Amino acid sequence: MADPTLWFEHALLADGWATRVRVETSAGFVAAIQVDAEPKAGDERGGIAVPGLPNLHSHAFQRAMAGLTEVGGPQGDSFWTWREVMYRFVAQLSPDDVQAIAAQAFLEMLESGFTRVGEFHYLHHDSDGRPYADPAEMAGRIAAAAEETGIGLTLLPVFYAHSAFGGAAPTEGQRRFVSDLGGYVRLHEATRAALAGLPDAVVGVAPHSLRAVTEDELRLVADLAQPIHIHIAEQVREVDDCLAWSGARPVEWLQDRFAVDDRWCLVHATHVTERERRRIATRGAVAGLCPVTEANLGDGVFPAARYLAEGGAFGVGSDSNVRIDAAEELRLLEYGQRLTRRARNVLAGEQGAATGATLYRKALAGGGQALGVPQAAGLAVGAAADLVSLPVDHEAYAARSGDAWLDSRVFAGGPLEHVWRRGRRVVADGRHVARGPVSARYGQTLARLLRR
Ligand code: NGQ
Ligand code: ZN
């Protein structure tokens, strides 16, 4: 297939906004950018182009539970009661189910403006806990779903060995996740092989959490590959348990033992002290914030205002996929700060800066770093041709320009128009090109799973 050339009325380039922008692509990358250029016959056209956002944290299979855990339980619902429901759900999923659900989740991510996903993948084994004949069976299903939908994939195979701090034995509900170190190394190798055919896939590592690994295990896993993603300090009970076990808080415990630098993504890091927060920022790790899921699970509010003021890097993730919406993650990140600080434009950073546009640029940079694909602050020659366009004539974007377009996207419900991944259009007028078959198969899968 010929390399497409795209033409936009406006585009966000690495050095700022430009008008009448022609983007030549070659083998999935941006090969040339001309501004003030005429469109040519055969160019694919769009309104306002910006780079697609990285989604740095997802558990794709949880999409199939979305909306099904919102009923009051007998004695007070929490993150931990939600997790029990999730464990029961995960027990019944086959490889076909996982592929069908992941394809639907990835399709919705693309439709919302995410062009790459960091899949924090821990559903490794058969329902009895035994590895599949191919240890990367499930990883291959995730890769197949990425291939079907076209989303960029950074796969983060999870190492999971324990149920609590101090190396406690895993529980029955965790049997599909657990490996010993030897098994994990084999799984990682098989995963790399399974993804070899997927262009621009990245394979990192993901020690699940400090609850699930010992210090020695973490050392070996962190040396195996990068980026390194870990869930940390999401729940107050997790912080208390860590203190009771070690005398230190989770983030502090990690920072005291590991060089938590720009290879690391600390997912959530909700409950941090000032010192922990500063050390994340100054050592260059990315805070992996998942505002929608953190709200849904009752986690708490990350101190984003202070962290950003300290120069901290962050990206956003859709995590439980209870809702898949790139703009909503940024909006809720800012709104959490407004609600707790009783102020406005908290994360804009400086006078005159547009809040939505600022968050968008920072989430591009931090998300790209966390997913192993460094990103410029706009379209750039040599970067992957992963971009999103906004319909310039829509009332949400009309009569405004530049950063105000991104503010309208983030805060005012401005819709998305088209999405290209590696130069190929995968979403046209808001709809993924494979929505028909992918959603039909997902619907059948859900009907069967929920009938049980
Ligand atoms: C997960 N999700 O691995 O899916 C976790 C829940 C846990 C979030 N932390 C399980 N949001 O942390 O033990
Ligand atoms: Zn998670």
# chains A, B, ... in the order shown; residues from 1 in each chain; ligands from 1

$ residues_around --residues "A:Gln92" --least-positions-apart "3" --cutoff "9 Å" --atoms "only C-alpha atoms" --output "list in words"
Arg88, Phe89, Ser127 and Leu449 of chain A

$ write_last_selection --atoms "all heavy atoms" --output "JSON list (two decimals), in the first residue's frame"
[["chain", "number", "residue", "atom", "x", "y", "z"],
["A", 88, "ARG", "N", -13.15, -13.01, 40.52],
["A", 88, "ARG", "CA", -14.15, -14.00, 40.08],
["A", 88, "ARG", "C", -14.37, -13.89, 38.58],
["A", 88, "ARG", "O", -14.53, -14.89, 37.88],
["A", 88, "ARG", "CB", -15.47, -13.81, 40.83],
["A", 88, "ARG", "CG", -15.41, -14.30, 42.27],
["A", 88, "ARG", "CD", -16.81, -14.52, 42.85],
["A", 88, "ARG", "NE", -17.57, -13.29, 43.00],
["A", 88, "ARG", "CZ", -17.43, -12.44, 44.03],
["A", 88, "ARG", "NH1", -16.56, -12.69, 45.00],
["A", 88, "ARG", "NH2", -18.17, -11.36, 44.10],
["A", 89, "PHE", "N", -14.36, -12.69, 38.09],
["A", 89, "PHE", "CA", -14.57, -12.47, 36.66],
["A", 89, "PHE", "C", -13.42, -13.05, 35.84],
["A", 89, "PHE", "O", -13.62, -13.75, 34.84],
["A", 89, "PHE", "CB", -14.74, -10.98, 36.38],
["A", 89, "PHE", "CG", -15.12, -10.68, 34.96],
["A", 89, "PHE", "CD1", -16.41, -10.91, 34.51],
["A", 89, "PHE", "CD2", -14.18, -10.20, 34.07],
["A", 89, "PHE", "CE1", -16.77, -10.67, 33.20],
["A", 89, "PHE", "CE2", -14.53, -9.94, 32.75],
["A", 89, "PHE", "CZ", -15.82, -10.18, 32.32],
["A", 127, "SER", "N", -7.14, -21.42, 33.52],
["A", 127, "SER", "CA", -7.99, -21.15, 34.70],
["A", 127, "SER", "C", -7.60, -21.99, 35.92],
["A", 127, "SER", "O", -7.92, -21.63, 37.04],
["A", 127, "SER", "CB", -9.46, -21.34, 34.35],
["A", 127, "SER", "OG", -9.60, -22.50, 33.61],
["A", 449, "LEU", "N", -20.37, -14.68, 28.62],
["A", 449, "LEU", "CA", -19.74, -14.57, 29.94],
["A", 449, "LEU", "C", -20.74, -14.18, 31.02],
["A", 449, "LEU", "O", -20.69, -14.67, 32.15],
["A", 449, "LEU", "CB", -18.63, -13.50, 29.91],
["A", 449, "LEU", "CG", -17.36, -13.87, 29.14],
["A", 449, "LEU", "CD1", -16.46, -12.65, 28.99],
["A", 449, "LEU", "CD2", -16.63, -15.00, 29.85]]

$ residues_near_ligand --ligand "ligand 1" --cutoff "7 Å" --atoms "only C-alpha atoms and all ligand atoms" --output "JSON, numbers by chain"
{"A": [59, 83, 208, 231, 234, 293, 319, 320]}

$ select_by_dssp --residues "stretch 172-315 of chain A" --states "strand (DSSP E or B)" --output "ChimeraX atom specification"
/A:202-203,205-207,209,228-232,264-268,286-289,313-315

$ closest_residue --among "A:Arg341, A:His432, A:Arg176, A:Arg141" --to "A:Asp128" --atoms "only C-alpha atoms"
A:Arg176

$ residues_near_ligand --ligand "ligand 2" --cutoff "12 Å" --atoms "only C-alpha atoms and all ligand atoms" --output "compact mmCIF listing (two decimals) with N, CA, C and O atoms, in the first residue's frame"
# COMPACT_ATOMS: atom_id res chain seq x y z
N ASN A 55 -1.72 5.91 26.23
CA ASN A 55 -2.49 5.43 27.37
C ASN A 55 -1.55 4.53 28.16
O ASN A 55 -1.32 3.38 27.78
N LEU A 56 -0.98 5.04 29.24
CA LEU A 56 0.17 4.32 29.81
C LEU A 56 -0.19 3.18 30.75
O LEU A 56 0.71 2.47 31.20
N HIS A 57 -1.48 2.97 31.01
CA HIS A 57 -1.81 1.87 31.94
C HIS A 57 -3.20 1.33 31.66
O HIS A 57 -4.20 2.04 31.83
N SER A 58 -3.24 0.07 31.24
CA SER A 58 -4.53 -0.58 30.96
C SER A 58 -4.49 -2.03 31.39
O SER A 58 -3.46 -2.70 31.28
N HIS A 59 -5.64 -2.49 31.91
CA HIS A 59 -5.90 -3.94 32.03
C HIS A 59 -7.09 -4.17 31.12
O HIS A 59 -8.25 -3.98 31.52
N ALA A 60 -6.80 -4.56 29.87
CA ALA A 60 -7.84 -4.58 28.84
C ALA A 60 -9.04 -5.43 29.24
O ALA A 60 -10.19 -5.03 29.02
N PHE A 61 -8.79 -6.59 29.85
CA PHE A 61 -9.91 -7.51 30.12
C PHE A 61 -10.95 -6.89 31.03
O PHE A 61 -12.14 -7.26 31.00
N GLN A 62 -10.53 -5.92 31.86
CA GLN A 62 -11.48 -5.32 32.81
C GLN A 62 -12.56 -4.50 32.10
O GLN A 62 -13.57 -4.15 32.70
N PHE A 79 -12.11 -0.63 47.19
CA PHE A 79 -11.17 -1.21 46.24
C PHE A 79 -11.07 -2.72 46.44
O PHE A 79 -11.04 -3.48 45.48
N ARG A 83 -11.97 -5.80 43.97
CA ARG A 83 -10.95 -6.75 43.52
C ARG A 83 -11.46 -8.19 43.62
O ARG A 83 -11.14 -9.01 42.77
N GLY A 118 -0.18 1.00 27.04
CA GLY A 118 0.70 0.22 27.90
C GLY A 118 -0.17 -0.82 28.58
O GLY A 118 -0.93 -0.51 29.50
N GLU A 119 -0.11 -2.04 28.08
CA GLU A 119 -0.98 -3.09 28.62
C GLU A 119 -0.23 -3.80 29.75
O GLU A 119 0.75 -4.52 29.52
N PHE A 120 -0.69 -3.59 30.94
CA PHE A 120 -0.10 -4.15 32.18
C PHE A 120 -0.76 -5.51 32.34
O PHE A 120 -1.83 -5.64 32.92
N HIS A 121 -0.05 -6.49 31.78
CA HIS A 121 -0.71 -7.76 31.45
C HIS A 121 -0.33 -8.86 32.45
O HIS A 121 0.82 -9.28 32.50
N TYR A 122 -1.31 -9.31 33.22
CA TYR A 122 -0.99 -10.34 34.23
C TYR A 122 -1.83 -11.60 34.13
O TYR A 122 -1.62 -12.55 34.88
N LEU A 156 3.54 -4.93 28.93
CA LEU A 156 4.24 -4.95 30.20
C LEU A 156 3.87 -6.25 30.90
O LEU A 156 2.90 -6.31 31.68
N VAL A 158 3.56 -8.96 33.48
CA VAL A 158 3.60 -8.76 34.93
C VAL A 158 4.26 -9.94 35.62
O VAL A 158 3.96 -11.10 35.34
N ALA A 206 6.84 -5.50 34.37
CA ALA A 206 5.92 -4.95 35.35
C ALA A 206 5.88 -5.83 36.60
O ALA A 206 5.07 -6.75 36.68
N PRO A 207 6.77 -5.56 37.56
CA PRO A 207 6.55 -6.15 38.87
C PRO A 207 5.20 -5.60 39.37
O PRO A 207 5.02 -4.38 39.39
N HIS A 208 4.23 -6.47 39.69
CA HIS A 208 2.85 -5.99 39.86
C HIS A 208 2.72 -4.86 40.88
O HIS A 208 2.09 -3.84 40.63
N SER A 209 3.31 -5.10 42.06
CA SER A 209 3.22 -4.14 43.16
C SER A 209 4.19 -4.63 44.23
O SER A 209 4.68 -5.76 44.14
N HIS A 229 7.24 -0.81 35.01
CA HIS A 229 6.01 -0.25 35.58
C HIS A 229 5.64 -1.01 36.84
O HIS A 229 5.74 -2.24 36.87
N ILE A 230 5.17 -0.30 37.84
CA ILE A 230 4.73 -0.94 39.09
C ILE A 230 3.55 -0.16 39.67
O ILE A 230 3.55 1.07 39.64
N HIS A 231 2.55 -0.89 40.17
CA HIS A 231 1.48 -0.26 40.94
C HIS A 231 2.05 0.12 42.30
O HIS A 231 2.70 -0.72 42.94
N ILE A 232 1.75 1.30 42.77
CA ILE A 232 2.32 1.67 44.08
C ILE A 232 1.47 2.70 44.80
O ILE A 232 0.93 3.63 44.19
N ALA A 233 1.31 2.50 46.11
CA ALA A 233 0.70 3.49 47.01
C ALA A 233 -0.64 3.98 46.51
O ALA A 233 -0.95 5.18 46.56
N GLU A 234 -1.45 3.05 46.05
CA GLU A 234 -2.75 3.43 45.49
C GLU A 234 -3.80 3.56 46.59
O GLU A 234 -4.67 4.42 46.52
N CYS A 265 7.95 3.78 35.72
CA CYS A 265 6.64 4.42 35.78
C CYS A 265 5.96 3.95 37.06
O CYS A 265 5.71 2.75 37.23
N LEU A 266 5.69 4.88 37.96
CA LEU A 266 5.02 4.55 39.21
C LEU A 266 3.52 4.77 38.99
O LEU A 266 3.06 5.91 38.89
N VAL A 267 2.79 3.67 38.91
CA VAL A 267 1.38 3.75 38.58
C VAL A 267 0.58 4.08 39.84
O VAL A 267 0.71 3.39 40.86
N HIS A 268 -0.17 5.13 39.78
CA HIS A 268 -0.97 5.74 40.85
C HIS A 268 -0.12 6.64 41.76
O HIS A 268 -0.26 7.84 41.71
N ALA A 269 0.75 6.04 42.59
CA ALA A 269 1.53 6.85 43.55
C ALA A 269 0.64 7.88 44.24
O ALA A 269 1.07 9.01 44.53
N GLY A 288 2.22 7.51 36.80
CA GLY A 288 1.19 6.98 35.90
C GLY A 288 -0.17 7.21 36.54
O GLY A 288 -0.62 6.43 37.38
N LEU A 289 -0.81 8.29 36.15
CA LEU A 289 -2.07 8.70 36.80
C LEU A 289 -3.26 8.17 36.01
O LEU A 289 -3.28 8.25 34.78
N CYS A 290 -4.24 7.67 36.73
CA CYS A 290 -5.42 7.07 36.10
C CYS A 290 -6.65 7.66 36.77
O CYS A 290 -7.37 6.97 37.52
N PRO A 291 -6.91 8.94 36.54
CA PRO A 291 -7.90 9.65 37.35
C PRO A 291 -9.30 9.02 37.34
O PRO A 291 -9.96 9.01 38.38
N VAL A 292 -9.75 8.51 36.21
CA VAL A 292 -11.11 7.94 36.17
C VAL A 292 -11.18 6.69 37.04
O VAL A 292 -12.10 6.54 37.87
N THR A 293 -10.22 5.79 36.89
CA THR A 293 -10.24 4.58 37.71
C THR A 293 -9.98 4.91 39.17
O THR A 293 -10.61 4.32 40.07
N GLU A 294 -9.07 5.84 39.43
CA GLU A 294 -8.78 6.20 40.83
C GLU A 294 -10.04 6.77 41.50
O GLU A 294 -10.27 6.54 42.70
N LEU A 297 -12.51 3.65 41.94
CA LEU A 297 -12.13 2.70 42.99
C LEU A 297 -11.98 3.36 44.35
O LEU A 297 -11.69 2.69 45.34
N ASP A 299 -9.68 5.62 45.35
CA ASP A 299 -8.27 5.57 45.76
C ASP A 299 -7.84 6.81 46.53
O ASP A 299 -7.14 6.71 47.54
N VAL A 316 -1.20 9.63 31.50
CA VAL A 316 -2.49 9.12 31.99
C VAL A 316 -2.75 7.72 31.46
O VAL A 316 -2.27 7.33 30.40
N GLY A 317 -3.55 6.98 32.25
CA GLY A 317 -3.92 5.63 31.87
C GLY A 317 -5.39 5.39 32.14
O GLY A 317 -5.98 5.99 33.04
N SER A 318 -5.97 4.49 31.33
CA SER A 318 -7.39 4.19 31.52
C SER A 318 -7.59 2.98 32.44
O SER A 318 -8.73 2.61 32.73
N ASP A 319 -6.52 2.34 32.87
CA ASP A 319 -6.48 1.34 33.94
C ASP A 319 -7.61 0.31 33.85
O ASP A 319 -7.57 -0.58 33.02
N SER A 320 -8.65 0.45 34.66
CA SER A 320 -9.72 -0.56 34.69
C SER A 320 -10.63 -0.47 33.47
O SER A 320 -11.51 -1.32 33.29
N ASN A 321 -10.47 0.59 32.68
CA ASN A 321 -11.29 0.76 31.48
C ASN A 321 -12.78 0.83 31.77
O ASN A 321 -13.61 0.50 30.92
N VAL A 322 -13.13 1.26 32.98
CA VAL A 322 -14.55 1.44 33.30
C VAL A 322 -15.14 2.49 32.36
O VAL A 322 -16.32 2.46 32.04

$ residues_around --residues "A:Val427" --least-positions-apart "5" --cutoff "9 Å" --atoms "only C-alpha atoms" --output "ChimeraX atom specification"
/A:107,110-111,388,417-420,432-434

$ select_by_dssp --residues "stretch 140-242 of chain A" --states "alpha helix (DSSP H)" --output "PyMOL selection string"
chain A and resi 140-149+181-194+215-222+236-242
